[in-house]
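J.: So that you have it, the file is data-v4.csv, and it contains CSV, C-alpha atoms:
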chain,number,residue,atom,x,y,z
A,1,MET,CA,-21.3,33.4,-80.8
A,2,ALA,CA,-21.9,36.8,-82.3
A,3,ASP,CA,-22.8,39.1,-79.4
A,4,SER,CA,-24.5,42.4,-80.5
A,5,THR,CA,-22.3,44.4,-78.2
A,6,ALA,CA,-19.2,43.2,-80.0
A,7,HIS,CA,-20.1,44.4,-83.5
A,8,SER,CA,-20.8,47.8,-85.2
A,9,PRO,CA,-24.0,48.2,-87.1
A,10,ALA,CA,-22.1,48.0,-90.4
A,11,ASP,CA,-20.5,44.7,-89.4
A,12,ALA,CA,-20.8,42.2,-92.3
A,13,ASP,CA,-19.6,39.2,-90.2
A,14,ARG,CA,-22.8,37.9,-88.7
A,15,PRO,CA,-23.7,34.2,-88.6
A,16,VAL,CA,-27.1,32.6,-89.2
A,17,TYR,CA,-28.7,31.6,-85.9
A,18,VAL,CA,-30.7,28.4,-85.9
A,19,ILE,CA,-33.0,28.1,-82.9
A,20,GLY,CA,-33.4,24.5,-81.9
A,21,GLY,CA,-31.1,21.5,-82.0
A,22,GLY,CA,-33.5,18.9,-83.3
A,23,PRO,CA,-33.4,17.3,-86.7
A,24,GLY,CA,-34.7,20.4,-88.5
A,25,GLY,CA,-32.2,22.7,-86.9
A,26,LEU,CA,-29.3,20.3,-87.4
A,27,ALA,CA,-30.2,19.8,-91.1
A,28,VAL,CA,-30.3,23.5,-91.8
A,29,ALA,CA,-27.0,24.1,-89.9
A,30,TYR,CA,-25.3,21.5,-92.1
A,31,SER,CA,-26.8,22.8,-95.3
A,32,LEU,CA,-25.6,26.3,-94.5
A,33,ARG,CA,-22.2,25.0,-93.6
A,34,ALA,CA,-22.0,23.1,-96.8
A,35,ARG,CA,-22.3,26.4,-98.6
A,36,GLY,CA,-19.5,28.0,-96.5
A,37,ILE,CA,-21.9,29.9,-94.3
A,38,ARG,CA,-21.4,30.0,-90.6
A,39,ALA,CA,-24.4,28.7,-88.7
A,40,VAL,CA,-24.8,28.6,-84.9
A,41,VAL,CA,-27.4,26.3,-83.4
A,42,LEU,CA,-28.9,27.5,-80.1
A,43,GLU,CA,-30.3,24.7,-78.1
A,44,LYS,CA,-32.0,25.3,-74.8
A,45,SER,CA,-31.4,21.8,-73.4
A,46,ASP,CA,-28.0,20.3,-72.7
A,47,ARG,CA,-28.0,18.0,-75.7
A,48,VAL,CA,-29.2,17.8,-79.3
A,49,GLY,CA,-32.4,15.9,-80.0
A,50,ALA,CA,-34.0,16.8,-76.7
A,51,SER,CA,-37.6,16.1,-77.8
A,52,TRP,CA,-36.7,12.7,-79.2
A,53,ARG,CA,-35.1,11.7,-75.9
A,54,GLY,CA,-38.4,12.4,-74.1
A,55,HIS,CA,-40.6,10.2,-76.3
A,56,TYR,CA,-42.1,6.9,-75.1
A,57,ASP,CA,-39.8,3.9,-75.2
A,58,ARG,CA,-41.5,1.8,-77.9
A,59,LEU,CA,-41.6,4.6,-80.5
A,60,ARG,CA,-40.3,3.9,-83.9
A,61,LEU,CA,-40.3,6.1,-87.0
A,62,HIS,CA,-43.4,5.6,-89.2
A,63,THR,CA,-41.3,6.6,-92.1
A,64,THR,CA,-38.6,4.4,-93.7
A,65,ARG,CA,-34.9,4.7,-92.8
A,66,ARG,CA,-34.0,5.6,-96.4
A,67,LEU,CA,-36.5,8.5,-96.6
A,68,SER,CA,-35.8,9.8,-93.1
A,69,SER,CA,-32.1,10.6,-93.4
A,70,LEU,CA,-30.9,14.3,-93.1
A,71,PRO,CA,-28.7,15.9,-95.8
A,72,GLY,CA,-25.1,14.7,-95.9
A,73,LEU,CA,-25.3,11.5,-93.8
A,74,PRO,CA,-27.5,8.4,-94.3
A,75,ILE,CA,-29.1,6.6,-91.3
A,76,PRO,CA,-27.1,3.4,-90.8
A,77,ARG,CA,-28.6,0.2,-92.3
A,78,ARG,CA,-28.1,-1.6,-89.0
A,79,PHE,CA,-30.8,0.6,-87.5
A,80,GLY,CA,-33.4,-1.3,-89.5
A,81,ARG,CA,-36.2,-0.1,-91.7
A,82,TRP,CA,-38.3,1.4,-88.9
A,83,VAL,CA,-35.8,3.3,-86.8
A,84,SER,CA,-36.3,3.2,-83.0
A,85,ARG,CA,-36.3,6.3,-80.8
A,86,ASP,CA,-32.9,5.5,-79.3
A,87,ASP,CA,-31.4,5.1,-82.7
A,88,VAL,CA,-32.8,8.4,-83.9
A,89,VAL,CA,-31.1,10.0,-80.9
A,90,ARG,CA,-27.8,8.2,-81.8
A,91,TYR,CA,-28.1,9.4,-85.4
A,92,LEU,CA,-28.7,13.0,-84.4
A,93,GLU,CA,-25.7,12.9,-82.1
A,94,LYS,CA,-23.5,11.4,-84.8
A,95,TYR,CA,-24.9,13.9,-87.4
A,96,ALA,CA,-23.8,16.9,-85.3
A,97,GLU,CA,-20.4,15.3,-84.6
A,98,HIS,CA,-19.8,14.2,-88.2
A,99,HIS,CA,-20.5,17.6,-89.7
A,100,GLU,CA,-18.7,19.5,-86.9
A,101,LEU,CA,-21.7,21.7,-86.3
A,102,GLU,CA,-21.4,24.7,-84.1
A,103,ILE,CA,-23.9,24.1,-81.4
A,104,VAL,CA,-24.3,26.1,-78.2
A,105,THR,CA,-26.4,24.2,-75.6
A,106,GLY,CA,-28.1,25.6,-72.5
A,107,VAL,CA,-29.2,28.8,-74.4
A,108,GLU,CA,-32.9,29.5,-74.8
A,109,VAL,CA,-34.0,32.3,-77.1
A,110,SER,CA,-37.0,34.1,-75.7
A,111,ARG,CA,-37.6,36.8,-78.3
A,112,VAL,CA,-36.5,37.7,-81.8
A,113,ASP,CA,-36.5,41.4,-82.9
A,114,ARG,CA,-35.2,43.4,-85.8
A,115,ALA,CA,-31.6,44.4,-85.3
A,116,PRO,CA,-31.3,48.0,-84.2
A,117,ASP,CA,-29.5,48.9,-87.5
A,118,GLY,CA,-32.3,47.4,-89.5
A,119,ASP,CA,-30.0,44.8,-91.0
A,120,GLY,CA,-30.5,41.4,-89.6
A,121,TRP,CA,-32.0,40.1,-86.4
A,122,LEU,CA,-31.5,40.5,-82.7
A,123,LEU,CA,-32.0,37.5,-80.4
A,124,HIS,CA,-32.7,37.9,-76.7
A,125,ALA,CA,-31.4,34.8,-75.0
A,126,THR,CA,-30.6,33.2,-71.6
A,127,GLY,CA,-28.5,35.2,-69.2
A,128,GLY,CA,-29.3,38.5,-70.9
A,129,ARG,CA,-27.5,37.7,-74.1
A,130,GLU,CA,-28.2,39.8,-77.2
A,131,LEU,CA,-27.1,38.0,-80.3
A,132,THR,CA,-27.2,39.6,-83.8
A,133,GLY,CA,-27.5,37.4,-86.8
A,134,ALA,CA,-27.7,38.0,-90.6
A,135,ALA,CA,-30.7,35.6,-90.7
A,136,VAL,CA,-32.6,33.4,-88.2
A,137,VAL,CA,-34.1,30.0,-88.7
A,138,VAL,CA,-36.7,28.9,-86.2
A,139,ALA,CA,-36.7,25.2,-85.7
A,140,THR,CA,-38.2,24.7,-82.3
A,141,GLY,CA,-40.3,21.8,-83.3
A,142,TYR,CA,-43.8,20.7,-84.2
A,143,ASN,CA,-44.3,19.0,-80.9
A,144,HIS,CA,-43.2,21.8,-78.6
A,145,THR,CA,-45.7,22.4,-75.8
A,146,PRO,CA,-48.3,19.8,-74.6
A,147,ARG,CA,-51.8,20.9,-75.4
A,148,LEU,CA,-54.7,20.1,-73.0
A,149,PRO,CA,-58.3,20.9,-73.8
A,150,ASP,CA,-60.1,23.0,-71.2
A,151,TRP,CA,-62.3,20.2,-69.9
A,152,PRO,CA,-64.6,21.3,-67.1
A,153,GLY,CA,-63.4,19.9,-63.8
A,154,ARG,CA,-59.9,18.9,-65.0
A,155,ASP,CA,-58.2,21.2,-62.6
A,156,THR,CA,-59.8,19.6,-59.6
A,157,TYR,CA,-59.8,16.0,-60.9
A,158,THR,CA,-58.5,13.7,-58.1
A,159,GLY,CA,-57.5,10.8,-60.3
A,160,GLU,CA,-54.1,10.1,-61.9
A,161,PHE,CA,-53.8,12.3,-65.0
A,162,LEU,CA,-50.9,12.9,-67.4
A,163,HIS,CA,-50.3,14.2,-70.9
A,164,ALA,CA,-48.8,11.7,-73.3
A,165,SER,CA,-45.6,13.6,-73.3
A,166,ALA,CA,-44.9,12.2,-69.8
A,167,TYR,CA,-45.7,8.6,-70.8
A,168,ARG,CA,-42.7,6.3,-71.1
A,169,SER,CA,-43.7,2.7,-70.8
A,170,PRO,CA,-46.6,0.5,-69.8
A,171,ARG,CA,-44.9,-0.9,-66.6
A,172,PRO,CA,-46.6,1.5,-64.2
A,173,TYR,CA,-50.0,0.6,-65.6
A,174,ALA,CA,-49.8,-3.2,-65.5
A,175,GLY,CA,-53.0,-4.6,-64.0
A,176,ARG,CA,-54.7,-1.1,-64.1
A,177,ASP,CA,-57.7,0.4,-65.9
A,178,VAL,CA,-56.4,3.2,-68.2
A,179,LEU,CA,-58.3,5.7,-70.4
A,180,VAL,CA,-56.3,7.1,-73.3
A,181,VAL,CA,-57.8,10.3,-74.7
A,182,GLY,CA,-57.1,11.0,-78.4
A,183,VAL,CA,-56.7,8.8,-81.4
A,184,GLY,CA,-53.8,10.3,-83.3
A,185,ASN,CA,-50.7,8.2,-83.9
A,186,THR,CA,-49.5,8.8,-80.3
A,187,GLY,CA,-52.7,7.8,-78.6
A,188,ALA,CA,-53.2,4.8,-80.8
A,189,GLU,CA,-49.7,3.5,-80.1
A,190,ILE,CA,-49.9,4.2,-76.4
A,191,ALA,CA,-53.2,2.2,-76.2
A,192,VAL,CA,-51.5,-0.7,-78.0
A,193,ASP,CA,-48.5,-0.4,-75.7
A,194,LEU,CA,-50.6,-0.6,-72.6
A,195,VAL,CA,-52.5,-3.7,-73.8
A,196,GLU,CA,-49.2,-5.4,-74.7
A,197,GLY,CA,-47.7,-4.3,-71.3
A,198,GLY,CA,-50.4,-5.9,-69.2
A,199,ALA,CA,-53.0,-3.2,-68.4
A,200,SER,CA,-56.2,-4.8,-67.2
A,201,ARG,CA,-58.4,-2.6,-69.3
A,202,VAL,CA,-57.7,0.0,-72.0
A,203,ARG,CA,-60.3,2.4,-73.4
A,204,LEU,CA,-59.6,4.8,-76.2
A,205,SER,CA,-61.6,8.0,-76.2
A,206,VAL,CA,-62.3,9.2,-79.8
A,207,ARG,CA,-63.8,12.6,-80.7
A,208,THR,CA,-63.1,12.5,-84.5
A,209,VAL,CA,-62.8,9.2,-86.3
A,210,PRO,CA,-59.3,9.0,-87.9
A,211,HIS,CA,-58.2,7.6,-91.2
A,212,ILE,CA,-56.2,4.5,-90.5
A,213,VAL,CA,-53.6,3.2,-92.9
A,214,ARG,CA,-51.3,0.2,-92.8
A,215,ARG,CA,-47.7,1.3,-92.2
A,216,SER,CA,-46.6,-1.2,-94.8
A,217,THR,CA,-48.5,-3.5,-97.2
A,218,ALA,CA,-46.6,-6.3,-99.0
A,219,GLY,CA,-43.4,-4.3,-98.4
A,220,TRP,CA,-44.9,-1.0,-99.8
A,221,ALA,CA,-44.6,1.6,-97.1
A,222,ALA,CA,-47.5,4.0,-96.6
A,223,GLN,CA,-44.9,6.8,-96.9
A,224,TYR,CA,-44.3,5.9,-100.5
A,225,SER,CA,-47.9,6.6,-101.3
A,226,GLY,CA,-47.7,9.8,-99.3
A,227,VAL,CA,-44.8,11.0,-101.5
A,228,LEU,CA,-46.6,10.1,-104.7
A,229,CYS,CA,-49.7,11.9,-103.5
A,230,ARG,CA,-47.9,15.1,-102.4
A,231,ARG,CA,-48.4,17.0,-105.6
A,232,LEU,CA,-51.7,15.5,-106.7
A,233,PRO,CA,-55.0,17.4,-106.5
A,234,VAL,CA,-56.6,17.0,-103.0
A,235,GLY,CA,-59.9,15.8,-104.4
A,236,LEU,CA,-58.3,13.1,-106.5
A,237,VAL,CA,-56.3,11.7,-103.5
A,238,ASP,CA,-59.5,11.8,-101.4
A,239,ARG,CA,-61.3,9.8,-104.0
A,240,LEU,CA,-58.5,7.3,-104.6
A,241,SER,CA,-57.9,6.7,-100.9
A,242,ARG,CA,-61.5,5.4,-100.2
A,243,PRO,CA,-61.4,2.2,-102.2
A,244,LEU,CA,-57.8,1.5,-101.0
A,245,ALA,CA,-58.9,1.9,-97.4
A,246,ARG,CA,-61.7,-0.6,-97.9
A,247,LEU,CA,-59.2,-3.1,-99.3
A,248,SER,CA,-56.6,-2.8,-96.6
A,249,VAL,CA,-58.4,-1.8,-93.4
A,250,PRO,CA,-61.4,-3.8,-92.1
A,251,ASP,CA,-64.6,-2.2,-91.1
A,252,LEU,CA,-64.5,-1.4,-87.4
A,253,SER,CA,-67.9,0.2,-87.2
A,254,ALA,CA,-69.1,-2.4,-84.7
A,255,GLN,CA,-66.2,-1.6,-82.5
A,256,GLY,CA,-66.8,2.1,-82.5
A,257,LEU,CA,-64.5,3.2,-85.4
A,258,PRO,CA,-66.5,3.7,-88.5
A,259,ARG,CA,-64.9,4.8,-91.7
A,260,PRO,CA,-64.4,8.6,-91.8
A,261,ASP,CA,-66.8,10.5,-94.1
A,262,THR,CA,-64.1,13.1,-94.8
A,263,GLY,CA,-61.3,12.9,-97.4
A,264,LEU,CA,-57.9,11.6,-96.2
A,265,TYR,CA,-55.9,14.3,-97.9
A,266,SER,CA,-58.3,17.0,-96.9
A,267,ARG,CA,-57.8,16.0,-93.3
A,268,VAL,CA,-54.1,16.1,-93.7
A,269,LEU,CA,-54.2,19.7,-94.9
A,270,GLU,CA,-56.2,20.5,-91.8
A,271,GLY,CA,-53.4,19.1,-89.7
A,272,ALA,CA,-54.6,15.5,-89.1
A,273,VAL,CA,-52.3,12.9,-90.5
A,274,PRO,CA,-53.6,9.3,-90.9
A,275,VAL,CA,-53.0,6.9,-88.0
A,276,GLN,CA,-50.4,4.3,-89.1
A,277,ASP,CA,-51.4,0.9,-87.8
A,278,VAL,CA,-48.8,-0.6,-85.5
A,279,GLY,CA,-51.3,-3.0,-83.8
A,280,LEU,CA,-54.4,-0.8,-83.3
A,281,ILE,CA,-56.6,-2.5,-85.8
A,282,ASP,CA,-56.1,-5.9,-84.3
A,283,ALA,CA,-56.4,-4.6,-80.7
A,284,VAL,CA,-59.7,-2.9,-81.5
A,285,ARG,CA,-61.1,-5.8,-83.5
A,286,THR,CA,-60.4,-8.3,-80.7
A,287,GLY,CA,-61.7,-6.0,-78.0
A,288,ARG,CA,-58.4,-5.5,-76.2
A,289,VAL,CA,-58.7,-1.8,-76.9
A,290,GLU,CA,-62.3,-0.5,-76.3
A,291,VAL,CA,-63.3,2.6,-78.3
A,292,VAL,CA,-65.5,5.0,-76.3
A,293,ALA,CA,-66.9,8.5,-76.8
A,294,ALA,CA,-65.1,11.8,-76.4
A,295,VAL,CA,-64.4,13.2,-72.9
A,296,ASP,CA,-67.0,15.8,-71.9
A,297,ARG,CA,-65.8,16.7,-68.3
A,298,PHE,CA,-64.2,15.5,-65.1
A,299,ASP,CA,-66.0,15.1,-61.8
A,300,ASP,CA,-63.7,14.4,-58.8
A,301,GLY,CA,-62.3,11.0,-59.6
A,302,LYS,CA,-64.7,10.2,-62.5
A,303,VAL,CA,-64.8,11.0,-66.2
A,304,THR,CA,-68.0,11.8,-68.0
A,305,LEU,CA,-68.1,11.1,-71.8
A,306,ALA,CA,-70.1,12.9,-74.4
A,307,ASP,CA,-72.7,10.2,-74.6
A,308,GLY,CA,-73.2,10.4,-70.8
A,309,THR,CA,-71.2,7.3,-69.9
A,310,LEU,CA,-69.5,7.7,-66.5
A,311,LEU,CA,-66.0,6.1,-66.1
A,312,GLU,CA,-63.7,5.8,-63.1
A,313,PRO,CA,-60.4,4.7,-64.6
A,314,ASP,CA,-57.2,4.2,-62.5
A,315,ALA,CA,-55.3,6.6,-64.8
A,316,VAL,CA,-56.1,9.0,-67.7
A,317,ILE,CA,-53.5,9.6,-70.4
A,318,ALA,CA,-54.2,12.6,-72.6
A,319,ALA,CA,-52.8,12.2,-76.1
A,320,THR,CA,-54.2,15.5,-77.2
A,321,GLY,CA,-51.3,16.9,-79.1
A,322,TYR,CA,-49.1,19.9,-78.9
A,323,VAL,CA,-49.0,23.6,-79.7
A,324,ARG,CA,-46.1,25.3,-81.5
A,325,ALA,CA,-45.8,28.0,-78.7
A,326,LEU,CA,-44.2,30.6,-81.0
A,327,GLU,CA,-46.2,33.6,-79.8
A,328,GLY,CA,-43.6,34.8,-77.2
A,329,LEU,CA,-40.7,34.3,-79.6
A,330,VAL,CA,-42.1,35.9,-82.8
A,331,GLY,CA,-45.8,36.7,-82.2
A,332,HIS,CA,-45.1,40.4,-82.1
A,333,LEU,CA,-43.6,40.3,-85.7
A,334,ASP,CA,-47.0,39.5,-87.3
A,335,VAL,CA,-45.6,36.3,-88.8
A,336,LEU,CA,-48.2,33.8,-87.3
A,337,ASP,CA,-51.7,33.0,-88.5
A,338,ASP,CA,-54.7,32.8,-86.2
A,339,ARG,CA,-53.8,29.3,-85.2
A,340,GLY,CA,-50.2,30.2,-84.2
A,341,ARG,CA,-48.6,28.7,-87.2
A,342,PRO,CA,-45.9,30.5,-89.3
A,343,VAL,CA,-47.5,32.3,-92.4
A,344,ALA,CA,-44.4,31.3,-94.4
A,345,HIS,CA,-42.4,28.1,-94.3
A,346,GLY,CA,-39.2,26.7,-95.6
A,347,ALA,CA,-37.4,28.9,-98.2
A,348,ARG,CA,-40.1,31.5,-98.1
A,349,THR,CA,-40.0,34.3,-95.5
A,350,PRO,CA,-42.8,36.7,-94.6
A,351,SER,CA,-42.7,39.7,-96.9
A,352,HIS,CA,-42.3,42.1,-94.0
A,353,ALA,CA,-39.7,39.9,-92.2
A,354,PRO,CA,-37.1,38.9,-94.7
A,355,GLY,CA,-34.3,36.7,-93.3
A,356,LEU,CA,-36.7,35.0,-90.8
A,357,TYR,CA,-37.2,31.4,-91.7
A,358,PHE,CA,-39.3,28.5,-90.2
A,359,THR,CA,-38.9,24.8,-90.6
A,360,GLY,CA,-40.7,21.8,-89.1
A,361,PHE,CA,-44.1,23.4,-88.4
A,362,THR,CA,-46.1,21.3,-90.8
A,363,ASN,CA,-46.9,17.6,-90.6
A,364,PRO,CA,-46.8,16.4,-94.2
A,365,ILE,CA,-48.2,13.2,-95.5
A,366,SER,CA,-44.8,12.4,-97.1
A,367,GLY,CA,-42.9,12.3,-93.8
A,368,MET,CA,-41.7,15.0,-91.5
A,369,LEU,CA,-38.0,14.1,-91.6
A,370,ARG,CA,-38.0,13.9,-95.4
A,371,GLU,CA,-39.5,17.3,-95.6
A,372,LEU,CA,-37.1,18.7,-93.0
A,373,ALA,CA,-34.2,17.5,-95.2
A,374,MET,CA,-35.6,19.1,-98.3
A,375,ASP,CA,-36.5,22.3,-96.4
A,376,ALA,CA,-32.9,22.6,-95.1
A,377,GLU,CA,-31.3,22.7,-98.5
A,378,ARG,CA,-33.9,25.2,-99.8
A,379,ILE,CA,-33.4,27.5,-96.8
A,380,ALA,CA,-29.7,27.4,-97.2
A,381,LYS,CA,-29.9,28.3,-100.8
A,382,ALA,CA,-32.4,31.1,-100.0
A,383,VAL,CA,-30.2,32.5,-97.2
A,384,ALA,CA,-27.1,32.5,-99.4
A,385,LYS,CA,-28.9,34.3,-102.2
A,386,ARG,CA,-30.6,36.9,-100.0
A,387,ALA,CA,-27.9,37.8,-97.5
A,388,GLY,CA,-24.8,37.5,-99.7
A,389,ASP,CA,-21.9,39.5,-98.3
A,390,ARG,CA,-23.6,40.2,-95.0
A,391,LEU,CA,-23.1,36.6,-93.9
A,392,SER,CA,-20.3,35.3,-91.7
A,393,ARG,CA,-18.3,32.8,-93.9
A,394,LEU,CA,-16.4,29.8,-92.7
A,395,PRO,CA,-12.6,29.9,-93.3
A,396,VAL,CA,-11.5,28.0,-96.4
A,397,THR,CA,-9.5,24.9,-95.5
Transcribe the structure of this file into structure tokens.

T.:
Amino acid sequence: MADSTAHSPADADRPVYVIGGGPGGLAVAYSLRARGIRAVVLEKSDRVGASWRGHYDRLRLHTTRRLSSLPGLPIPRRFGRWVSRDDVVRYLEKYAEHHELEIVTGVEVSRVDRAPDGDGWLLHATGGRELTGAAVVVATGYNHTPRLPDWPGRDTYTGEFLHASAYRSPRPYAGRDVLVVGVGNTGAEIAVDLVEGGASRVRLSVRTVPHIVRRSTAGWAAQYSGVLCRRLPVGLVDRLSRPLARLSVPDLSAQGLPRPDTGLYSRVLEGAVPVQDVGLIDAVRTGRVEVVAAVDRFDDGKVTLADGTLLEPDAVIAATGYVRALEGLVGHLDVLDDRGRPVAHGARTPSHAPGLYFTGFTNPISGMLRELAMDAERIAKAVAKRAGDRLSRLPVT
């Protein structure tokens, strides 16, 4: 690693530091390496793909294997069309090994500052390390820190309560009454998992009715439509999606899930991707998953819903999403918007923070891994063009 104490201000041998050893960080590190640029991945856990290792057991990609590979190494065909969580982890491990990426584990970066000489960036990391890089790529992940709404009474709630990030399998909930709060892809899939795993009753608390799409129809993956729609006008996609939804998804109004009155692509741009059906439609239609109103507050061991209904479930699982948690790392650099998201993404850098890149902080309709792969190559090209001779180069073999 390039320690700031070991280089003079005029030193031109500085690597690019990539913060985060998930798919986005690994893809950028490879893309830089492919251009002869030394990239050092700093990962706070002891292995790559830490967030993927923590996902629930039944998770599979909602994007196809072919459109989910990172640059320079296809996902093996034997992993199937919809790759499992464990196979994603295997792929990331193989990716790092195959490309001989320079990865330092057990190092957490707490703050990024301008380098004292004004050329490059200074990273403050675990153990008092101060690392100077020609450029920095922040790839700490879209699902970084669990988000919990500030429900009245939650802090004193006496019932079993956990965020979806702590959920692994339905085994502990067999024969129990479970309330799942939140109907994004995670909440929908956990609700189905609980039903299939033997929970006695599963209720799904919904605040905003989601758009639901079939993951695949007659072999046509929903991701393909997302890729095709990526560059179309928002209003046009919104209009086209309505009749398609009526054809492919039954009306679940009687079960508490009416069709949304907002446009599908408009919602995506607000950060709400459609729910891909992996059993939710059938579970709701047959009454195995009961849709209920949004949570209003907690009272001792009870949950009060927005419509006044009082529930007393055995367990509450909050699938209420995540926050990016970038404020401590880069918030002082004025590179985040009022929602804590980077103001520039991919190959673009904030005008007042050249050399500081962000990847993986959007949730595109065309697929997260596909966009990460494309971003990686764009970032590598931009870094090479901007930093030039200031970069640490790999030896020619």

J.: Quick one, how far is CA of Asp150 in chain A from CA of Gly331 in chain A?

T.: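 Straight-line distance from CA of Asp150 in chain A to CA of Gly331 in chain A works out to 22.7 Å.
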
J.: Return the single residue from A:Val234, A:Asp261, A:Thr362, A:Leu73 that is closest to Tyr95 in chain A, with distances computed using only C-alpha atoms.

T.: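 Selected residue with least distance to Tyr95 in chain A: A:Leu73.
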
J.: Within 6 Å of range 26-34 of chain A, counting only C-alpha atoms, which residues show up once you throw out same-chain ones fewer than 2 positions away? Write them as an MDAnalysis selection string, please.

T.: chainID A and resid 21 23:24 36:39 70 376:377 380

J.: Ranking A:His98, A:Arg78, A:His62, A:His163 by minimum distance to Ala221 in chain A and counting all atoms listed in the file, which one comes first?

T.: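 So, comparing all the options, the nearest one is A:His62.
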
J.: Looking at all atoms listed in the file, which of A:Val112, A:Leu148, A:Val138, A:Ile190 is the one that sits closest to Arg341 in chain A?

T.: A:Val138

J.: Have a look at CA of Val323 in chain A and CA of His144 in chain A and let me know their distance in Å, one decimal.

T.: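 Distance reported for this atom pair: 6.2 Å.
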
J.: Give the answer as one residue: which of A:Ser266, A:Gln276, A:Thr217, A:Ser253 has the shortest atom-to-atom distance to Leu232 in chain A, using all atoms listed in the file?

T.: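 For Leu232 in chain A, the nearest of the candidates is A:Ser266.
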
J.: Using all atoms listed in the file, which of A:Val40, A:Ala166, A:Ala373, A:Val291 sits nearest Val180 in chain A?

T.: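 Ranking A:Val40, A:Ala166, A:Ala373, A:Val291 by distance to Val180 in chain A, first place goes to A:Val291.
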
J.: Here's a test: counting all atoms listed in the file, identify every protein, DNA and RNA residue with an atom at most 12 Å from (-64.1, 4.7, -85.3) in the file's coordinate frame, and state them as a ChimeraX atom specification.

T.: /A:182-184,188,204-212,249-261,275,280-281,284-285,289-294

J.: Which residues are close to range 169-174 of chain A, i.e. within 9 Å by only C-alpha atoms, leaving aside same-chain residues fewer than 3 positions away? Reply as a list in words.

T.: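 Counting only the stated atoms, we get Tyr56, Asp57, Arg58, Asp177, Val178, Ile190, Asp193, Leu194, Val195, Glu196, Gly197, Gly198, Ala199, Ser200, Asp314 and Ala315 of chain A.
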
J.: List as a PyMOL selection string the protein and nucleic acid residues near Ile75 in chain A, meaning an atom at most 10 Å away when all atoms listed in the file are counted, but skip any in the same chain fewer than 5 places from it.

T.: chain A and resi 65-70+80-81+83+87-88+90-92+94-95
